[in-house]
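Colleague: Sharing a structure, written as structure tokens. Questions coming.
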4 protein chains.
Amino acid sequence: MRYTIFGESHGPAIGVTLEGVTPGLEVDMELMGRELSRRAPKPDGLSTSRREADQVHILSGLFEGKTTGTPLTLVIQNSDQHSTDYEALRYTPRPSHGDYAGFIGSKGNLDYRGGGHFSGRLTAPLVAAGAVAKQLLAQQGVWVWSHISAIYGILDRAWEDVEELKAIADKPFPVLDDARGEEMRQAILEAKNDQDSVGGSIECVVAGLPAGFGAPDFGRNVEGIFSQYLFAVPAVKAVAFGAGVGFSYMRGTEANDPFEVKDGKVLTKTNHAGGINGGITNGMPVVFEATLRPTPSIGLPQESVDLRTGEEVEIEITGRHDPCVVHRAVPVIEAAAALAACEVLGI
Amino acid sequence: MRYTIFGESHGPAIGVTLEGVTPGLEVDMELMGRELSRRAPKPDGLSTSRREADQVHILSGLFEGKTTGTPLTLVIQNSDQHSTDYEALRYTPRPSHGDYAGFIGSKGNLDYRGGGHFSGRLTAPLVAAGAVAKQLLAQQGVWVWSHISAIYGILDRAWEDVEELKAIADKPFPVLDDARGEEMRQAILEAKNDQDSVGGSIECVVAGLPAGFGAPDFGRNVEGIFSQYLFAVPAVKAVAFGAGVGFSYMRGTEANDPFEVKDGKVLTKTNHAGGINGGITNGMPVVFEATLRPTPSIGLPQESVDLRTGEEVEIEITGRHDPCVVHRAVPVIEAAAALAACEVLGI
Amino acid sequence: MRYTIFGESHGPAIGVTLEGVTPGLEVDMELMGRELSRRAPKPDGLSTSRREADQVHILSGLFEGKTTGTPLTLVIQNSDQHSTDYEALRYTPRPSHGDYAGFIGSKGNLDYRGGGHFSGRLTAPLVAAGAVAKQLLAQQGVWVWSHISAIYGILDRAWEDVEELKAIADKPFPVLDDARGEEMRQAILEAKNDQDSVGGSIECVVAGLPAGFGAPDFGRNVEGIFSQYLFAVPAVKAVAFGAGVGFSYMRGTEANDPFEVKDGKVLTKTNHAGGINGGITNGMPVVFEATLRPTPSIGLPQESVDLRTGEEVEIEITGRHDPCVVHRAVPVIEAAAALAACEVLGI
Amino acid sequence: MRYTIFGESHGPAIGVTLEGVTPGLEVDMELMGRELSRRAPKPDGLSTSRREADQVHILSGLFEGKTTGTPLTLVIQNSDQHSTDYEALRYTPRPSHGDYAGFIGSKGNLDYRGGGHFSGRLTAPLVAAGAVAKQLLAQQGVWVWSHISAIYGILDRAWEDVEELKAIADKPFPVLDDARGEEMRQAILEAKNDQDSVGGSIECVVAGLPAGFGAPDFGRNVEGIFSQYLFAVPAVKAVAFGAGVGFSYMRGTEANDPFEVKDGKVLTKTNHAGGINGGITNGMPVVFEATLRPTPSIGLPQESVDLRTGEEVEIEITGRHDPCVVHRAVPVIEAAAALAACEVLGI
């Protein structure tokens, strides 16, 4: 299965084409809607005030409610666009956005309105594609769960059992420790109040992958496959498996996962490896953390450059923005993980 | 350019095939040898005592010293193998090695001797391929530099100028702060003394990449491309760009990189983004950190399982091992980065 | 540039996504419309009576009329569908259609209406994509021309100069020898009268490709690249370059193309090789012939099998069909060739 | 499974790397040797007098005689090279060889000796790879058979049953009608006598492929997959499935394959489609014909150009050459078909 996301924030529509979908899958449109509404901005003060209906239209690849195996194209019409908010920024790139790099890469032909193809809005079709991937995985006994592991330095507690993560999946702000969650919300509201933004991390678990999938080699190793899907999510700047960056502080005795046998199954007592050894699944849950940068769109004045004159200028970003994207990104990271897991399993 | 690494630690040979090499490159065999000797174990007490000649034989793709554009196959014969060291471990996988995952994945047909295809020895052909990539990059004014940023929690100081990194490139233990380097060495020696091992991190800089290469999309975004090459290096468990995991602790005002104009060039005053916005190079150096787990081969007894009987057993790993692979991995990470940079540039 | 065609004949829409499009191309919608109308059925008695408006809507990848380099999605809404014509055939596959193979491949989830994803209608988005490719090629001085070389054994005369092909490009029935063209039309009308169909061939020339593109190797050789695009066109069953099948009747002295120098350019006096030696362009026009099978949809009773009962049954195909697709396929083959040429050139 | 062939005719070695090989296959080295000797030149006057030992060395991917799933690299050392035969031709390309196109493509860095990477000698590793593919197919009940269908216009008779093809597989000159075979041999000897060469065709059958594999789409359709492997064989200039070019002379009533049911299996009474409908296997044998051009190396004087001076010159090719490669190409075409069939089946 291969996905291609198309569209621009202020173009006619955004969407995704999935190739190589297993035929005969009864697509659960309700599940897809639920995943999309997890991603949708909510009137909680923590998100943009842009309202997105995110109604998915299926153009192809479905017959009588089931996939046919031919390319499955899902489209979401755009609406509630305030393009004029962006006109002033056409030639003055917003710091740490894709504006400047995209302007150069497109030889000046960037659709700058609302972030264009770089917009976080493009994660909606990704979530829709992920809903299909999740259904395929569920048929194999594979599940994807996650929680917000950190926002602005406030860490959620560690999970002990996958069931804990499953239990919080439908929360609008999925954390294990609600007190920490409240602190995180406060940090977001304070940033918003200061016309600023905050970053954070999402920890994700893919449970049920059997041992033996993947390879150590380029293009086939499981960490490499997952990372490619994850870095294609806007704002993701770091991907770490298992103990991740913590390995840098560890000794082998701490880091190694001793084997054990339970009910005839070979397991490891700990899972510092995050379910992957030598680029191959080892039967333990695949665990990773993705770090997302603070939203670059902040209300405070910032230093830019006028690409027409080459002069330094100060800009102010108007428009509607998220002071934090981490909580909305939870289903997005899960979608990327689900698509990656499908590639690992070859489904 | 596409690389395929082949070989097993105790097989007849290891090697790499590079496809799509630019024709007409005068391959600098001395540079290749220098890169390989940076990777080679040294009699410094910090590395394995296995001696590796790493003499590269070119089987194809070279004529009168220049690449022809046809597949370039480099081979290194194996020698100094002590296969009997491994016989006892054939059915009792070493914790946190690829042994178990590889056994399942190969349906029991794993070449278990010396780690087989999972061996760190396979990074020698990667370094050889990287030397070719570095030459191609040099022709475009692109250079790859790095330092050991951490070992067992001891951090090197931050770099301020690429020249600093260039200056330490030939050091056997490349750190910016030699006092910290000495502490790191001590940590390795202590671990070795305890029959243990330590992990660490390498920070790498790719300087000279022009703005505008890459895309936000899956398969084409620069972070995704780099990460796929980096996770194909054994022991790498985390990859972070720019401020990386630190973004999780930051506000937008701290994280954003203000633009400035210098000598008519658009730059950013800081480089928290690590040279990449929206998956596209922005003209600043690409900066990333790769974290490597502690060597799983440690001398202490460990818990395993006998794959024939399904019973829990205790194993002791004999043979010669590195108490730390981080310092030897520096040219390996650079090689992976160089190959990734070639893909980004389409050379 | 990579294309993905999606849609089913009787689904809501058909379309194509082009990835990796050169940014800054001012898409010539008039050219695209012209190409589509070359493909459209005409009230000439030689084609289906289904009317197709083929209005292209651009969903993404275009800004102010120019490509941005992000995925370009073109959509054509479906209309004038008579799905009930097909209900009777749901479980009784039409001989030599994709029905049976598609039914098995989709595990019974085939959209059987109007040929579904197998329909010749899916060549409309291919022609639209080809129009973009032709524009990109024109910028490089590369042009694609063709003629109907045979229908039901009636052969057009050989071309002598590319200008001849250029001159007939806008003809509804592009042949060099109009008398032969008239014979071909008669053969089609006779077949139609007999509720039968006829096959034929299209010869195509890609002029202006510089020497030195391609490689002898799998995945990179020019014949292999072209053939993959051409066999993705429904009904194509044979692809031959230069003298093609005729090589089987030749000696080396007849087949070899002697070199000559003209105006300082190295050319060959003949072009039996069809512009390709060793899988690499040699600077002469790339010439190939694609053979298309007779339309399998014929009005006469045919032997099928009921996939529910496993019993042999006789079927009659109703609905509207082309007694010959060759003349309508001319712009389709050109589109496939144009996309292939873009891949060869790396644009 | 993906193959990469490397090497040059007069370099140190030629070889192939197979990635993604099914683990646990006991590689039948005797079968591989038998296939290679089918390809080897024989002292029958019909082939080059170059003697090739073609001893295969396995560098990687095999352990205790079985594949491990890691890259399998097979190497054949070169010997009996007469490089001086080629010096005179360095800058005067041989008509219809890859010399000129390769010279331009490599920016003048072509290994011109003995055809370099373009040499027919490179088909030896392809045959070795094909032997592995044939073993994998045999485990699935899939077999590849073929015969010389034409040489210099002399046609072998049509096959009626796959068993006929099986019966002639070990013949040095595999034809169904030995009288025709004798005529073909005569044609080759006459061409040789005239310092000329002849072309021909090979018809190949892949029996046992189940229905439902493939797709109509680019990159996944069965004809496209096969053609890419076949055109990567030197000298192949046309590929036709089933009735192939003959479709151009047919009506639908003649071309369509009526269904029938035999022993509960859905079959077709004829197989004009060559086992493929809509790009998908239909359960009938996949049948194709590949046409190979006459060997461009002929002894007669030919017109070339001096690439240094740009002047027209006459050249004479010395060295040892095949007056016909068709009979030696039989196992090569089968190898390409076997690799293609593995891709179709996803093994």
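So you can find residues: chains in the structure tokens are A, B, ... in the order shown, residues in each start at 1, and ligands are numbered from 1 in order.
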Tell me the residues of chain A close to chain C, meaning within 9 Å using only C-alpha atoms, as a ChimeraX atom specification.
Modeller: /A:4-8,11-15,17,19,22-24,58-64,66-73,105-111,117
Colleague: Could you write out, as a VMD selection string, all the residues of range 28-99 of chain A that DSSP marks as strand (DSSP E or B)?
Modeller: chain A and resid 56 to 60 62 to 63 66 to 67 72 to 77
Colleague: Would you list the contacts of range 200-205 of chain A as a PyMOL selection string, taking every protein, DNA or RNA residue within 9 Å and counting only C-alpha atoms, but skipping same-chain residues closer than 3 positions in sequence?
Modeller: (chain A and resi 143-155+162+165+236+274+285-294+324-327+329-330+333-334+337) or (chain B and resi 245-250)
Colleague: Rounded to one decimal place, report the CA of Asp28 in chain B-CA of Arg90 in chain D distance in Å.
Modeller: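 Interatomic distance here is 24.8 Å.
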Colleague: Between C:Thr318, C:Ser37, C:Asn271, C:Asn277, single out the one closest to Asp161 in chain C, counting only C-alpha atoms.
Modeller: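 Using only C-alpha atoms, the shortest distance to Asp161 in chain C belongs to C:Asn271.
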Colleague: Using DSSP assignments from the backbone, pull out every residue in range 199-244 of chain B that falls under helix (DSSP H, G or I) and give it to me as a PyMOL selection string.
Modeller: chain B and resi 222-231+244
Colleague: Report, in Å to a single decimal, how far apart CA of Ile225 in chain C and CA of Val344 in chain C are.
Modeller: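 Answer for the CA of Val344 in chain C to CA of Ile225 in chain C separation: 7.3 Å.
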Colleague: Counting only C-alpha atoms, which residues of range 229-316 of chain B fall within 12 Å of range 126-137 of chain B, and what is the closest atom pair for each with its distance in Å at one decimal, ordered by chain and rising number, as JSON lines?
Modeller:
{"residue": "B:Tyr229", "atom": "CA", "partner": "B:Leu126", "partner_atom": "CA", "distance": 10.3}
{"residue": "B:Leu230", "atom": "CA", "partner": "B:Leu126", "partner_atom": "CA", "distance": 11.2}
{"residue": "B:Ala232", "atom": "CA", "partner": "B:Leu126", "partner_atom": "CA", "distance": 10.0}
{"residue": "B:Val233", "atom": "CA", "partner": "B:Leu126", "partner_atom": "CA", "distance": 8.7}
{"residue": "B:Pro234", "atom": "CA", "partner": "B:Leu126", "partner_atom": "CA", "distance": 11.1}
Colleague: Dump C-alpha atoms for the selected residues as an mmCIF file, in the first residue's frame?
Modeller:
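Dumped to selection.cif:
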data_model
loop_
_atom_site.group_PDB
_atom_site.id
_atom_site.type_symbol
_atom_site.label_atom_id
_atom_site.label_comp_id
_atom_site.auth_asym_id
_atom_site.auth_seq_id
_atom_site.Cartn_x
_atom_site.Cartn_y
_atom_site.Cartn_z
ATOM 1 C CA TYR B 229 19.979 6.061 5.661
ATOM 2 C CA LEU B 230 20.756 6.626 9.342
ATOM 3 C CA ALA B 232 20.137 1.492 8.333
ATOM 4 C CA VAL B 233 23.303 1.914 10.446
ATOM 5 C CA PRO B 234 23.404 -0.788 13.126
#
Colleague: Considering only C-alpha atoms, can you say which of A:Arg328, A:Arg121, A:His321, A:Arg34 comes closest to Ser197 in chain A?
Modeller: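 The answer is A:His321, which sits nearest to Ser197 in chain A.
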Colleague: Could you pull the residues within 10 Å of Gln195 in chain C, counting only C-alpha atoms, minus those fewer than 2 positions along the same chain, as a list in words?
Modeller: Leu189, Glu190, Ala191, Lys192, Asn193, Ser197, Ser297, Ile298, Gly299, Leu300, Pro301, His321 and Pro323 of chain C; Gly252 and Thr253 of chain D
Colleague: Would you put the residues from that selection into a file with N, CA and C atoms, as a PDB file, in the first residue's frame?
Modeller:
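The result, written out as part01.pdb:
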ATOM      1  N   LEU C 189     -15.977  -0.468 -40.131  1.00  0.00           N
ATOM      2  CA  LEU C 189     -17.428  -0.427 -40.315  1.00  0.00           C
ATOM      3  C   LEU C 189     -17.996  -1.817 -40.607  1.00  0.00           C
ATOM      4  N   GLU C 190     -17.240  -2.587 -41.367  1.00  0.00           N
ATOM      5  CA  GLU C 190     -17.679  -3.957 -41.643  1.00  0.00           C
ATOM      6  C   GLU C 190     -17.710  -4.789 -40.366  1.00  0.00           C
ATOM      7  N   ALA C 191     -16.681  -4.629 -39.567  1.00  0.00           N
ATOM      8  CA  ALA C 191     -16.642  -5.363 -38.295  1.00  0.00           C
ATOM      9  C   ALA C 191     -17.827  -4.946 -37.432  1.00  0.00           C
ATOM     10  N   LYS C 192     -18.087  -3.624 -37.404  1.00  0.00           N
ATOM     11  CA  LYS C 192     -19.199  -3.116 -36.611  1.00  0.00           C
ATOM     12  C   LYS C 192     -20.509  -3.722 -37.092  1.00  0.00           C
ATOM     13  N   ASN C 193     -20.625  -3.767 -38.401  1.00  0.00           N
ATOM     14  CA  ASN C 193     -21.830  -4.312 -39.023  1.00  0.00           C
ATOM     15  C   ASN C 193     -22.042  -5.776 -38.634  1.00  0.00           C
ATOM     16  N   SER C 197     -15.231  -6.718 -34.023  1.00  0.00           N
ATOM     17  CA  SER C 197     -14.281  -5.621 -33.782  1.00  0.00           C
ATOM     18  C   SER C 197     -12.974  -5.961 -34.480  1.00  0.00           C
ATOM     19  N   SER C 297     -15.153  -6.496 -26.444  1.00  0.00           N
ATOM     20  CA  SER C 297     -16.624  -6.362 -26.395  1.00  0.00           C
ATOM     21  C   SER C 297     -17.206  -6.451 -27.799  1.00  0.00           C
ATOM     22  N   ILE C 298     -17.801  -7.570 -28.107  1.00  0.00           N
ATOM     23  CA  ILE C 298     -18.460  -7.727 -29.399  1.00  0.00           C
ATOM     24  C   ILE C 298     -19.891  -8.170 -29.144  1.00  0.00           C
ATOM     25  N   GLY C 299     -20.753  -7.866 -30.120  1.00  0.00           N
ATOM     26  CA  GLY C 299     -22.178  -8.110 -29.902  1.00  0.00           C
ATOM     27  C   GLY C 299     -22.587  -9.568 -30.039  1.00  0.00           C
ATOM     28  N   LEU C 300     -21.758 -10.368 -30.707  1.00  0.00           N
ATOM     29  CA  LEU C 300     -22.124 -11.762 -30.953  1.00  0.00           C
ATOM     30  C   LEU C 300     -22.161 -12.563 -29.650  1.00  0.00           C
ATOM     31  N   PRO C 301     -22.949 -13.619 -29.606  1.00  0.00           N
ATOM     32  CA  PRO C 301     -22.986 -14.466 -28.403  1.00  0.00           C
ATOM     33  C   PRO C 301     -21.606 -15.092 -28.167  1.00  0.00           C
ATOM     34  N   HIS C 321     -20.201   0.110 -27.506  1.00  0.00           N
ATOM     35  CA  HIS C 321     -18.796  -0.269 -27.577  1.00  0.00           C
ATOM     36  C   HIS C 321     -18.130   0.230 -28.838  1.00  0.00           C
ATOM     37  N   PRO C 323     -16.038  -0.509 -32.065  1.00  0.00           N
ATOM     38  CA  PRO C 323     -15.640  -1.645 -32.908  1.00  0.00           C
ATOM     39  C   PRO C 323     -14.118  -1.669 -33.120  1.00  0.00           C
TER      40      PRO C 323
ATOM     41  N   GLY D 252     -12.239  -9.401 -33.315  1.00  0.00           N
ATOM     42  CA  GLY D 252     -12.552  -9.830 -31.950  1.00  0.00           C
ATOM     43  C   GLY D 252     -12.975 -11.281 -31.872  1.00  0.00           C
ATOM     44  N   THR D 253     -13.775 -11.711 -32.858  1.00  0.00           N
ATOM     45  CA  THR D 253     -14.227 -13.117 -32.834  1.00  0.00           C
ATOM     46  C   THR D 253     -13.058 -14.086 -32.907  1.00  0.00           C
TER      47      THR D 253
END
